[in-house]
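Trainee: Would you mind keeping the following structure in view while I ask a few things?
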Amino acid sequence: MNTSPPQRIPPAHADMTQFDVSGGELLVGGKRLAVLAAQVGQTPFYAYDRSLLRLRVAELRRALPQAIKLHYAMKANPLPAVVGLMAGLVDGIDVASAGELKVALDAGAAPAEISFAGPGKRDVELRQAVAAGVLVNVESARELPVLAAASQELGLPARVAVRVNPDFELKGSGMKMGGGPKQFGIDVEQVPDVLRQVARLGLAFEGYHLFAGSQNLKADSICEAQLKSYELALRLAEFAPTPLRFLNLGGGFGIPYFPGEQRLDLAPIGTNLATLVERASREMPQAQLVIELGRYFVGEAGIYVTRVVDRKVSRGQVFLVCDGGLNHHLSASGNFGQVVRKNYPVTIGNRVGGTLRETASAVGPLCTPLDLLADRMDLPVAQIGDLVVVFQSGAYGASASPQPFLGHPAVVEVLV
Ligand SMILES: *Cc1c(COP(=O)(O)O)cnc(C)c1O
């Protein structure tokens with residue numbers, strides 16, 4: 001039994017302090033990592049800390065105006081237990097497929113507060129959305145007659161918002177999803193015509209959805225995108241068949257992954273949104289303002305844990321060969337949208353802060369050099385059986401990875 005008081009992990013990155021450490025061992029949900037591994041019954045696994053999820057939502061509520069509705073974009077982490085927890089903490093769930101819709105409904109999310117975005121919605125998915133009573137963020141005029149037919153057949157309203165592809169980009173985002181030619185949303189130039197079709201087909205118009213991009217750490221560019229999105233919606237309001245009831249201003253809030261990255265400053269975003277809430281109370285009094293976040297809610301609450309199976313030295317370089325890698329955690333390997341590969345924050349979870357250190361690479365078991373979790377990092381000296389921990393792993397982890405590749409065992413996910 002270790003009785004030394006918990007200490008914060010020495011920051012490999014300025015802000016990597018969300019998990020406590022006791023006697024050199026990482027604590028997850030108050031539990032020693034080795035005990036958690038025993039409870040899970042295998043490595044590799046993902047663990048998500050529910051207290052960190054709660055903390056993050058509370059922190060956002062404090063920083064942003066009360067009138068702003070928070071939606072969880074569940075594609076960031078669709079584990080049913082996580083979606084269930086988030087459904088009870090936020091104001092709505094954004095889904096991107098009928099598969100996600102099922103998870104959200106099963107989790108108890110209120111259909112009135114679910115919205116469904118995504119290009120290439122199949123007819124059956126649109127019909128499922130109407131039957132469930134959720135809001136469809138229309139991304140193509142093709143969806144409109146399908147929704148109208150489902151509405152007529154089922155005798156239910158088809159609730160729609162129009163996802164607008166704006167004429168601006170979210171500056172400084174890791175992934176741009178609006179502005180220029182895009183497969184997402186409807187070009188702003190085409191929106192008036194689409195709205196005429198919405199009215200003609202008798203669809204229940206609710207408002208607009210804008211989503212400019214992802215993984216942005218610059219508060220200024222997020223504020224700018226939110227302001228421009230608001231003003232675009234205001235301009236488009238005159239073409240709307242009914243007053244706006246819903247305006248989704250997108251999200252894109254990023255988390256720090258790499259050395260030198262600064263945590264997103266919420267204060268200016270809160271101030272900016274307060275201005276927009278005040279304007280909206282005059283300019284679109286019936287509209288609810290929504291922001292939708294995936295990564296920001298869940299990313300920092302999760303870790304990936306894999307065990308060292310072999311320790312090899314090749315021409316002077318140390319390799320910690322682990323029982324999982326790219327197959328479970330494509331993002332950390334650098335193959336999910338990174339242009340230049342950088343290391344996620346990594347430590348040896350049972351030797352945190354160890355003073356005996358070396359430069360080592362942590363690799364997975366796959367027969368490809370892409371299977372790299374840590375490339376020549378300064379780490380505590382690790383032995384076979386030790387636990388390699390990848391932080392910032394709560395978003396775009398298991399579900400965004402090619403698990404069957406090479407036929408290794410599936411990863412287990414737990415909410416603790
Ligand atoms: C992916 C996505 C999100 C979530 O993005 P994060 O960067 O994880 O916050 C939100 N909205 C839409 C429409 C998306 O496609």
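By convention here, the chains of the structure tokens are called A, B, ... in the order presented, each chain's residues are numbered starting at 1, and ligands are numbered starting at 1 in the order presented.
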Within 9 Å of A:Gln42, counting only C-alpha atoms, which residues qualify if same-chain residues fewer than 4 places away don't, as a ChimeraX atom specification?

Mentor: /A:37-38,411-412

Trainee: Quick check for you: according to DSSP on this backbone, which residues of stretch 3-216 of chain A are classed as alpha helix (DSSP H)? Reply as a PyMOL selection string.

Mentor: chain A and resi 33-40+50-63+80-89+98-106+123-132+143-154+191-200

Trainee: Have a look at A:Leu210, A:Ala131, A:Val103, A:Ala76 and name the one nearest to A:Gly178; count only C-alpha atoms.

Mentor: A:Leu210

Trainee: Once you count only C-alpha atoms and all ligand atoms, which residues end up within 6 Å of ligand 1, and could you hand them over as a short mmCIF file (atom, residue, chain, number, x, y, z; two decimals) with C-alpha atoms, in the first residue's frame?

Mentor:
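As written to disk, part.cif reads:
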```cif
data_model
loop_
_atom_site.label_atom_id
_atom_site.label_comp_id
_atom_site.auth_asym_id
_atom_site.auth_seq_id
_atom_site.Cartn_x
_atom_site.Cartn_y
_atom_site.Cartn_z
CA ALA A 73 -20.94 16.00 -31.01
CA ALA A 76 -15.62 12.37 -30.87
CA ALA A 117 -25.74 16.41 -39.53
CA PHE A 211 -19.58 24.50 -38.63
CA SER A 214 -12.09 21.68 -35.82
CA GLN A 215 -9.19 21.68 -33.29
CA GLY A 251 -17.59 24.83 -32.24
CA GLY A 252 -14.10 23.81 -33.14
CA PHE A 253 -12.63 24.37 -29.68
CA GLU A 292 -21.49 21.94 -30.55
CA LEU A 293 -18.28 20.44 -29.25
CA GLY A 294 -16.77 16.98 -29.45
CA ARG A 295 -13.08 16.88 -28.71
CA TYR A 296 -13.15 19.73 -26.19
#
```

Trainee: With only C-alpha atoms as the counted atoms, please give the residues lying no more than 9 Å from stretch 152-154 of chain A, apart from itself and same-chain residues fewer than 3 positions off, as a list of chain:residue names.

Mentor: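 In the requested format, the answer is A:Arg127, A:Val130, A:Ala131, A:Leu147, A:Ala148, A:Ala149, A:Pro157, A:Ala158.
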
Trainee: Restricting the calculation to only C-alpha atoms, which member of A:Gly41, A:Pro380, A:Pro65, A:Gly118 is positioned closest to A:Val352?

Mentor: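 Looking only at the distances to A:Val352, the closest residue turns out to be A:Pro380.
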
Trainee: So which residues touch A:Met86 within 12 Å, counting only C-alpha atoms, skipping near sequence neighbours fewer than 6 positions away, as a VMD selection string?

Mentor: chain A and resid 50 to 58 70 to 74 76 to 80 92 to 94 104 107 to 109 293 to 294 297 to 298 415

Trainee: Identify, with DSSP run on backbone atoms, the residues in stretch 32-168 of chain A assigned to strand (DSSP E), and express the list as a PyMOL selection string.

Mentor: chain A and resi 32+45-48+69-73+92-95+114-116+135-138+159-165

Trainee: Quick check, in Å to one decimal: how far apart do atom CA of A:Gln197 and atom CA of A:Leu135 lie?

Mentor: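 It comes out at 17.2 Å.
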
Trainee: Residues at most 7 Å from stretch 355-371 of chain A, counting only C-alpha atoms, excluding those fewer than 6 positions away in the same chain, as a ChimeraX atom specification?

Mentor: /A:317-326,333,377-381,406

Trainee: Could you list, as a ChimeraX atom specification, every residue within 9 Å of A:Asp187, counting only C-alpha atoms and ignoring same-chain residues fewer than 4 positions away?

Mentor: /A:163-167,179-182,191

Trainee: Need the shell around A:Glu300: protein/DNA/RNA residues with any atom at most 10 Å away, counting only C-alpha atoms. Skip same-chain ones fewer than 6 positions apart. Format as a PyMOL selection string?

Mentor: chain A and resi 16-19+48-49+52-53+56+255-257+391-395

Trainee: For C-alpha atoms, I'd like the residues from the last selection saved as a PDB file, in the first residue's frame.

Mentor:
```
ATOM      1  CA  MET A  16      -0.869  18.035 -18.653  1.00  0.00           C
ATOM      2  CA  THR A  17      -2.038  18.058 -15.064  1.00  0.00           C
ATOM      3  CA  GLN A  18      -5.533  16.658 -15.094  1.00  0.00           C
ATOM      4  CA  PHE A  19      -4.584  13.274 -13.601  1.00  0.00           C
ATOM      5  CA  TYR A  48     -12.281   7.931 -19.515  1.00  0.00           C
ATOM      6  CA  ASP A  49     -12.548   9.791 -16.223  1.00  0.00           C
ATOM      7  CA  LEU A  52     -13.031  15.186 -15.690  1.00  0.00           C
ATOM      8  CA  LEU A  53     -15.982  15.096 -18.093  1.00  0.00           C
ATOM      9  CA  ARG A  56     -15.135  20.270 -18.295  1.00  0.00           C
ATOM     10  CA  ILE A 255      -7.194  20.990 -26.838  1.00  0.00           C
ATOM     11  CA  PRO A 256      -3.387  21.152 -26.505  1.00  0.00           C
ATOM     12  CA  TYR A 257      -1.614  18.041 -27.754  1.00  0.00           C
ATOM     13  CA  PHE A 391      -2.773  11.260 -22.692  1.00  0.00           C
ATOM     14  CA  GLN A 392      -5.321  13.472 -24.527  1.00  0.00           C
ATOM     15  CA  SER A 393      -6.894  10.270 -25.852  1.00  0.00           C
ATOM     16  CA  GLY A 394     -10.575  10.730 -25.036  1.00  0.00           C
ATOM     17  CA  ALA A 395     -11.535  11.920 -28.531  1.00  0.00           C
TER      18      ALA A 395
END
```

Trainee: Which of these, A:Ala47, A:Leu64, A:Val290, A:Ala110, has the shortest distance to A:Ala274 once you count only C-alpha atoms?

Mentor: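 Between A:Ala47, A:Leu64, A:Val290, A:Ala110, the residue approaching A:Ala274 most closely is A:Leu64.
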